[in-house]
Amino acid sequence: MNKIWFLFYGRLEVEKWFDSILQMIEIFGNNNQDLPFDLYIFGKWKLESDLIKLTHKYNSIHFFGRQTLDYIKQYLPKVQYLLMPSSFLETFWLSALNSLSRWLPVIWFAKWWLAQFILPAFDLTNTNWFDTAWKLHNMINKLVQNPPKLNPKTFQEISDQYSKEIWFQNFKKIFWSWKKILMLSDFKSKIWWIETYIYDVKDLLESKWYEIQVLWCELSSNRFAKFFKYLWILLALVNISNYFKIQKAIKEFNPDILRYHSTLRWIWRLWISASKKFKWKKIVMYHDFGYFYPFPHSLHFVDQIKTPLTLINYIKSAKTNNPIKILAISFKYLSVSLIKKSLKKYMDKHLSPSEFMLDIISNSYQLTKKKIKAFPHFIQE
């Protein structure tokens, strides 16, 4: 029997279907089998204690906690497949793209935008059983007994389609000849792919002789900050110092373009409205379904999002009769609607990493299709 090697990185939570991976491990163990694989896991959160118990039980389960992207890259040459579980809708699946570019096939269900990154031989939809853990079990047995032959051409075609050069050509079509770009983001840490992506965009554009400045948004550190963070609605008031921070940056840097990398976690309405007097191009990229849906990690299908983005539709999309939840959703809607109003009013272009999101943005914000454009990510090295 051949032994194979897997990689998983991400949040160790049920919403990521990580529980199915744990169940799959136990299925092999309960059948008195030695695990026919080694599994390298990077991540943290709710199921961490359950995972640690399995590492004590099985020597071939290796857990490293949450690590930087550079640290994870060291293990890529040691593995053959990536487990890419997610029970909810993702905006692009950058992790899957990066893995495929390294000839690392992705194993999961071929659905939504992820479908283009799942080769037929690794699609769990094609396996027997209804239970995901058993589907994984059967897939792994199949890979152990008869590993499929990989076609180098397939991997090369994907790499070519999402290369940095293709991305840059698309970039020039949107941004024309402007050379000074101020990028604003609430992602600051170099953990996982999307949080690191803004650094890679900066490096790429600077290599093309663009002048780039990145401005991070940070929540005030007063004693009320954490309280306001969890309430959502009052975050903009706490963040008023950053309103002046961006105005100062615009004045000093004098950019041609403002590019909002993400606005939901810390930036909020004030950072968007702070750019209202900026006369050049303003762009926003949507990395999060939280703009359109109250509980993004419970979003499994596109039709769960009710459009346009109104209070009635927002509450209806959550499918709950719990008065406390409805009250919380209503407060969140107020915050999201203020962001929506500012984005709709001040942004010249709304970018989405995936084409399937275009209708969601257009219908939710009632924007014309001319103001929205699909702008896929590039492969990270």
# chains A, B, ... in the order shown; residues from 1 in each chain; ligands from 1
$ residues_around --residues "region 140-147 of chain A" --least-positions-apart "6" --cutoff "8 Å" --atoms "only C-alpha atoms" --output "list of chain:residue names"
A:Met1, A:Asn2, A:Lys3, A:Ile4, A:Pro36
$ write_last_selection --atoms "N, CA and C atoms" --output "PDB file, in the first residue's frame"
ATOM      1  N   MET A   1       0.846  -1.201   0.000  1.00  0.00           N
ATOM      2  CA  MET A   1       0.000   0.000   0.000  1.00  0.00           C
ATOM      3  C   MET A   1       0.880   1.248   0.000  1.00  0.00           C
ATOM      4  N   ASN A   2       0.582   2.161  -0.901  1.00  0.00           N
ATOM      5  CA  ASN A   2       1.325   3.415  -0.955  1.00  0.00           C
ATOM      6  C   ASN A   2       0.854   4.351   0.152  1.00  0.00           C
ATOM      7  N   LYS A   3       1.771   5.092   0.709  1.00  0.00           N
ATOM      8  CA  LYS A   3       1.393   6.104   1.679  1.00  0.00           C
ATOM      9  C   LYS A   3       1.406   7.456   0.985  1.00  0.00           C
ATOM     10  N   ILE A   4       0.427   8.305   1.324  1.00  0.00           N
ATOM     11  CA  ILE A   4       0.325   9.609   0.676  1.00  0.00           C
ATOM     12  C   ILE A   4       0.339  10.710   1.731  1.00  0.00           C
ATOM     13  N   PRO A  36      -3.253   5.459   6.229  1.00  0.00           N
ATOM     14  CA  PRO A  36      -2.446   5.314   5.010  1.00  0.00           C
ATOM     15  C   PRO A  36      -1.939   6.655   4.490  1.00  0.00           C
TER      16      PRO A  36
END
$ atom_distance --atom1 "CA of Ala115 (chain A)" --atom2 "CA of Thr91 (chain A)"
12.4 Å
$ select_by_dssp --residues "region 57-125 of chain A" --states "strand (DSSP E)" --output "PDB file with N, CA and C atoms, in the first residue's frame"
ATOM      1  N   ILE A  61      -0.451  12.268  12.180  1.00  0.00           N
ATOM      2  CA  ILE A  61      -1.165  13.552  12.177  1.00  0.00           C
ATOM      3  C   ILE A  61      -0.242  14.599  12.801  1.00  0.00           C
ATOM      4  N   HIS A  62       0.137  15.597  12.015  1.00  0.00           N
ATOM      5  CA  HIS A  62       1.118  16.591  12.450  1.00  0.00           C
ATOM      6  C   HIS A  62       0.447  17.965  12.524  1.00  0.00           C
ATOM      7  N   PHE A  63       0.396  18.522  13.717  1.00  0.00           N
ATOM      8  CA  PHE A  63      -0.279  19.810  13.919  1.00  0.00           C
ATOM      9  C   PHE A  63       0.739  20.883  14.318  1.00  0.00           C
ATOM     10  N   TYR A  81      -1.247  16.334  -1.889  1.00  0.00           N
ATOM     11  CA  TYR A  81      -2.604  16.814  -2.109  1.00  0.00           C
ATOM     12  C   TYR A  81      -2.975  17.837  -1.040  1.00  0.00           C
ATOM     13  N   LEU A  82      -3.887  18.722  -1.411  1.00  0.00           N
ATOM     14  CA  LEU A  82      -4.414  19.711  -0.473  1.00  0.00           C
ATOM     15  C   LEU A  82      -5.869  19.389  -0.164  1.00  0.00           C
ATOM     16  N   LEU A  83      -6.216  19.320   1.119  1.00  0.00           N
ATOM     17  CA  LEU A  83      -7.611  19.215   1.533  1.00  0.00           C
ATOM     18  C   LEU A  83      -8.149  20.636   1.677  1.00  0.00           C
ATOM     19  N   VAL A 106      -6.235  19.778  -5.516  1.00  0.00           N
ATOM     20  CA  VAL A 106      -7.149  20.137  -4.437  1.00  0.00           C
ATOM     21  C   VAL A 106      -8.267  19.109  -4.363  1.00  0.00           C
ATOM     22  N   ILE A 107      -8.536  18.616  -3.161  1.00  0.00           N
ATOM     23  CA  ILE A 107      -9.592  17.632  -2.956  1.00  0.00           C
ATOM     24  C   ILE A 107     -10.759  18.284  -2.228  1.00  0.00           C
TER      25      ILE A 107
END
$ closest_residue --among "A:Leu182, A:Ala328, A:Pro105, A:Ile27" --to "Lys248 (chain A)" --atoms "only C-alpha atoms"
A:Leu182
$ residues_around --residues "region 42-53 of chain A" --least-positions-apart "2" --cutoff "8 Å" --atoms "only C-alpha atoms" --output "list in words"
Phe8, Tyr9, Gly10, Arg11, Leu12, Glu13, Val14, Phe18, Asp19, Leu22, Tyr40, Thr55, His56, Lys57, Phe63, Phe64, Gly65, Arg66, Gln67 and Ile72 of chain A
$ write_last_selection --atoms "N, CA and C atoms" --output "JSON list (two decimals), in the first residue's frame"
[["chain", "number", "residue", "atom", "x", "y", "z"],
["A", 8, "PHE", "N", -3.39, 20.62, 5.11],
["A", 8, "PHE", "CA", -4.56, 21.45, 5.40],
["A", 8, "PHE", "C", -4.08, 22.70, 6.13],
["A", 9, "TYR", "N", -4.59, 23.86, 5.72],
["A", 9, "TYR", "CA", -4.35, 25.07, 6.50],
["A", 9, "TYR", "C", -5.60, 25.93, 6.47],
["A", 10, "GLY", "N", -5.90, 26.55, 7.60],
["A", 10, "GLY", "CA", -7.11, 27.36, 7.69],
["A", 10, "GLY", "C", -7.71, 27.27, 9.09],
["A", 11, "ARG", "N", -8.93, 27.73, 9.20],
["A", 11, "ARG", "CA", -9.61, 27.71, 10.49],
["A", 11, "ARG", "C", -10.11, 26.30, 10.80],
["A", 12, "LEU", "N", -9.88, 25.87, 12.02],
["A", 12, "LEU", "CA", -10.29, 24.53, 12.44],
["A", 12, "LEU", "C", -11.70, 24.61, 13.01],
["A", 13, "GLU", "N", -12.67, 24.72, 12.10],
["A", 13, "GLU", "CA", -14.06, 24.94, 12.52],
["A", 13, "GLU", "C", -15.01, 24.09, 11.69],
["A", 14, "VAL", "N", -16.20, 23.91, 12.23],
["A", 14, "VAL", "CA", -17.24, 23.14, 11.54],
["A", 14, "VAL", "C", -17.62, 23.80, 10.23],
["A", 18, "PHE", "N", -14.00, 21.10, 8.86],
["A", 18, "PHE", "CA", -12.83, 20.43, 9.43],
["A", 18, "PHE", "C", -13.26, 19.25, 10.29],
["A", 19, "ASP", "N", -14.48, 19.31, 10.83],
["A", 19, "ASP", "CA", -14.98, 18.18, 11.61],
["A", 19, "ASP", "C", -15.05, 16.91, 10.77],
["A", 22, "LEU", "N", -11.65, 15.31, 10.77],
["A", 22, "LEU", "CA", -11.43, 14.58, 12.03],
["A", 22, "LEU", "C", -12.20, 13.26, 12.04],
["A", 40, "TYR", "N", -0.48, 17.10, 7.39],
["A", 40, "TYR", "CA", 0.16, 18.27, 7.99],
["A", 40, "TYR", "C", -0.90, 19.37, 8.11],
["A", 55, "THR", "N", -3.65, 13.80, 17.48],
["A", 55, "THR", "CA", -2.18, 13.77, 17.29],
["A", 55, "THR", "C", -1.51, 12.86, 18.32],
["A", 56, "HIS", "N", -2.11, 12.73, 19.50],
["A", 56, "HIS", "CA", -1.59, 11.82, 20.52],
["A", 56, "HIS", "C", -1.90, 10.36, 20.15],
["A", 57, "LYS", "N", -2.95, 10.19, 19.39],
["A", 57, "LYS", "CA", -3.40, 8.83, 19.04],
["A", 57, "LYS", "C", -2.72, 8.32, 17.77],
["A", 63, "PHE", "N", 0.40, 18.52, 13.72],
["A", 63, "PHE", "CA", -0.28, 19.81, 13.92],
["A", 63, "PHE", "C", 0.74, 20.88, 14.32],
["A", 64, "PHE", "N", 0.71, 22.02, 13.61],
["A", 64, "PHE", "CA", 1.70, 23.07, 13.81],
["A", 64, "PHE", "C", 1.09, 24.38, 14.33],
["A", 65, "GLY", "N", -0.22, 24.38, 14.57],
["A", 65, "GLY", "CA", -0.85, 25.62, 15.00],
["A", 65, "GLY", "C", -0.94, 26.62, 13.85],
["A", 66, "ARG", "N", -1.18, 27.86, 14.20],
["A", 66, "ARG", "CA", -1.28, 28.90, 13.17],
["A", 66, "ARG", "C", 0.11, 29.43, 12.86],
["A", 67, "GLN", "N", 0.51, 29.35, 11.59],
["A", 67, "GLN", "CA", 1.84, 29.76, 11.18],
["A", 67, "GLN", "C", 1.75, 30.75, 10.01],
["A", 72, "ILE", "N", 4.52, 27.85, 6.13],
["A", 72, "ILE", "CA", 3.73, 26.78, 5.49],
["A", 72, "ILE", "C", 4.38, 26.35, 4.18]]
$ atom_distance --atom1 "CA of Leu104 (chain A)" --atom2 "CA of Pro148 (chain A)"
12.8 Å
$ residues_around --residues "region 317-324 of chain A" --least-positions-apart "3" --cutoff "7 Å" --atoms "only C-alpha atoms" --output "PyMOL selection string"
chain A and resi 294+304-306+313-314+327-328
$ atom_distance --atom1 "CA of Ser20 (chain A)" --atom2 "CA of Pro120 (chain A)"
20.7 Å
$ residues_around --residues "region 275-291 of chain A" --least-positions-apart "2" --cutoff "6 Å" --atoms "only C-alpha atoms" --output "PyMOL selection string"
chain A and resi 256-261+272-273+293+296+347-352
$ closest_residue --among "A:Gln213, A:Ser177, A:Asn98, A:Asn242" --to "Tyr162 (chain A)" --atoms "only C-alpha atoms"
A:Asn98
$ closest_residue --among "A:Ser335, A:Gln366, A:Ser60, A:Gln156" --to "Gly29 (chain A)" --atoms "only C-alpha atoms"
A:Ser60
$ closest_residue --among "A:Ala121, A:Thr68, A:His137, A:Phe109" --to "Gln23 (chain A)" --atoms "only C-alpha atoms"
A:His137
$ residues_around --residues "Trp112 (chain A)" --least-positions-apart "4" --cutoff "10 Å" --atoms "only C-alpha atoms" --output "list in words"
Leu89, Glu90, Thr91, Phe92, Trp93, Gln116, His300, Phe301, Val302, Ser354 and Phe356 of chain A
$ closest_residue --among "A:Gln74, A:Asp203, A:Ala110, A:Lys344" --to "Thr368 (chain A)" --atoms "only C-alpha atoms"
A:Lys344
